[in-house]
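**Q** Questions regarding the structure given below will be posed in turn.
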2 protein chains.
Amino acid sequence: MAGISGGKNYHHGDLRNALIRAAVDLATEGGPERVVLREAARRVGVSPTAAYRHFDGRGELLRTVRAHARVRLAEAMERAAAREPGADDPALAAERRLAALCRGYVGFAVEHPGLYRAAFCAGRPAPGEPPVGVPVPPEPEIRAFTLLKESLEALDRTGGRRPAAGAAAWSAVHGLSLLLLEGPLRRLSARRRDDVVETTLAMVVSGARTP
Amino acid sequence: MAGISGGKNYHHGDLRNALIRAAVDLATEGGPERVVLREAARRVGVSPTAAYRHFDGRGELLRTVRAHARVRLAEAMERAAAREPGADDPALAAERRLAALCRGYVGFAVEHPGLYRAAFCAGRPAPGEPPVGVPVPPEPEIRAFTLLKESLEALDRTGGRRPAAGAAAWSAVHGLSLLLLEGPLRRLSARRRDDVVETTLAMVVSGARTP
DNA sequence: CTGGAATGTTCATGCGGTCAACATCGGGCA
DNA sequence: TGCCCGATGTTGACCGCATGAACATTCCAG
């Protein structure tokens, strides 16, 4: 057992998790492209190749970080929705929840740009890393999307809804986040940014309602 | 003059443009991360460092490709809008144009994934490339966005419109494109993809209209 | 106790970005 | 006309990164 014994000298004891933590830190600091195997190893105080005992390579390390980031994103969305006051009218409540989830989504992206970008980085090989030949394995459901879908289904029960509205809503918040983070909408003042966010949310909600 | 004389031996004659062409090809094939200085030079048949006589480094080469890609994107949008039949009702015509522009946008992204991603890649340094210290210079207007804005202004003249609706519309098409390209919406059948696109477009149009 | 399985380390290869020093070419000025 | 300088390429070298092979160190099961 790796138990509480912690770090010996030669054998780290919990290298895998230590590397993940370091990699998540790196992603938080500079996004997925900053997740560099050697740097993670360095931070943990171990030789670069040691990581290969726990990961297939940089790709798998990055995928692990991505999974972590997706969980954090979903948590942020749920927190935002939980803060939202309820409403007597179920239709109104459904709308509010949808908007709150979206706000949580964009808020997470703005507050943790690197992590957010890591959450959706493709497994695309970076230059210097040979491309994988294997077909991409099916990915697990992304909770952030599930939340949006469920929220839209709730709206559904209170009125008409367009099919595929979930993807449309997701497109809007995802695109907005990226434009704010690294696109031409970056360096918007917080005030103007909120305007854009609210306008987009209104679009999402009204777009989901029109049948 | 570099004239028609073309390629001597030692002096290429038009290296800059040849490199740009090669780099655009690379981006078309594999997106911005495939734009590798050494490879571009290789394709042109020149030594890697020769590129430094014409570009500040990989970063500038990539920025040049990005500018090119943005122009191509705008052209695709305008072509799509031009194909759209007019309408007697100016309001209807405006809606149609907006939808057509968006369709052109997403269509370009789907048809030229690499180039599209290159169009919006941040100047973020790739690993192996030291980060630039200089503050990012202001970027020129992006024509794709201008087109959307103008289209929304036209809609405006025929009815109410929310402020910042341009950014909202852009967010939707941009996010949709990325989700289709490298996000969880990739490997959707063409049929389902069209469904999602149309639903998103409906969201954009209806969202722009509600005051 | 002890030997094999785990887990790290060292060494080496190959690719990419970039810089400095050197080679070539071509056109303008004496 | 002829030569020299600046523009344009080339070589060679350095550094970081991803990875794989071979070797070292521990630890635990038998």
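A note on labels: chains of the structure tokens are A, B, ... as shown, every chain counts residues from 1, and ligands are counted from 1 in their shown order.
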With only C-alpha atoms (C1' of nucleotides) counted and 7 Å as the cut-off, give the residues of chain A in contact with chain C, each with its shortest interatomic distance in Å and the pair that gives it, as JSON lines.

**A**
```
{"residue": "A:Tyr10", "atom": "CA", "partner": "C:DG8", "partner_atom": "C1'", "distance": 6.5}
{"residue": "A:His11", "atom": "CA", "partner": "C:DT7", "partner_atom": "C1'", "distance": 6.5}
{"residue": "A:Ser47", "atom": "CA", "partner": "C:DT9", "partner_atom": "C1'", "distance": 7.0}
{"residue": "A:Ala50", "atom": "CA", "partner": "C:DG8", "partner_atom": "C1'", "distance": 5.8}
{"residue": "A:Arg53", "atom": "CA", "partner": "C:DT7", "partner_atom": "C1'", "distance": 6.9}
{"residue": "A:Gly128", "atom": "CA", "partner": "C:DC15", "partner_atom": "C1'", "distance": 5.5}
```

**Q** Give me the residues of chain D that have any atom at most 10 Å from an atom of chain B; for each, the nearest atom pair and the distance in Å, rounded to one decimal. Use only C-alpha atoms (C1' of nucleotides), sort by chain and number, and format it as a Markdown table.

**A**
```
| residue | atom | partner | partner_atom | distance |
| --- | --- | --- | --- | --- |
| D:DA7 | C1' | B:Arg53 | CA | 8.8 |
| D:DT8 | C1' | B:His11 | CA | 6.4 |
| D:DG9 | C1' | B:Ala50 | CA | 5.8 |
| D:DT10 | C1' | B:Ser47 | CA | 6.8 |
| D:DT11 | C1' | B:Ser47 | CA | 9.5 |
| D:DC15 | C1' | B:Gly128 | CA | 9.0 |
| D:DG16 | C1' | B:Gly128 | CA | 5.6 |
| D:DC17 | C1' | B:Gly128 | CA | 6.6 |
```

**Q** Could you tell me which residues of chain B sit within 6 Å of chain A when counting only C-alpha atoms, and give me the result as a list in words?

**A**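 Filtering chain B at 6 Å from chain A with only C-alpha atoms gives Ala122, Ala164, Ala168, Ser171, Ala172, His174, Gly175, Leu176, Glu182, Val196, Thr200, Met203, Ser206 and Gly207 of chain B.
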
**Q** Near Leu19 (chain B), counting only C-alpha atoms (C1' of nucleotides), which residues have an atom at most 9 Å away, once you skip same-chain residues fewer than 2 positions from it, shown as a ChimeraX atom specification?

**A** /B:14-17,21-24,37,40-41,43-44,51,61

**Q** Can you list every residue in region 1-210 of chain B that DSSP puts in alpha helix (DSSP H), as a PyMOL selection string?

**A** chain B and resi 15-30+37-44+58-83+90-111+113-119+143-156+165-181+190-209
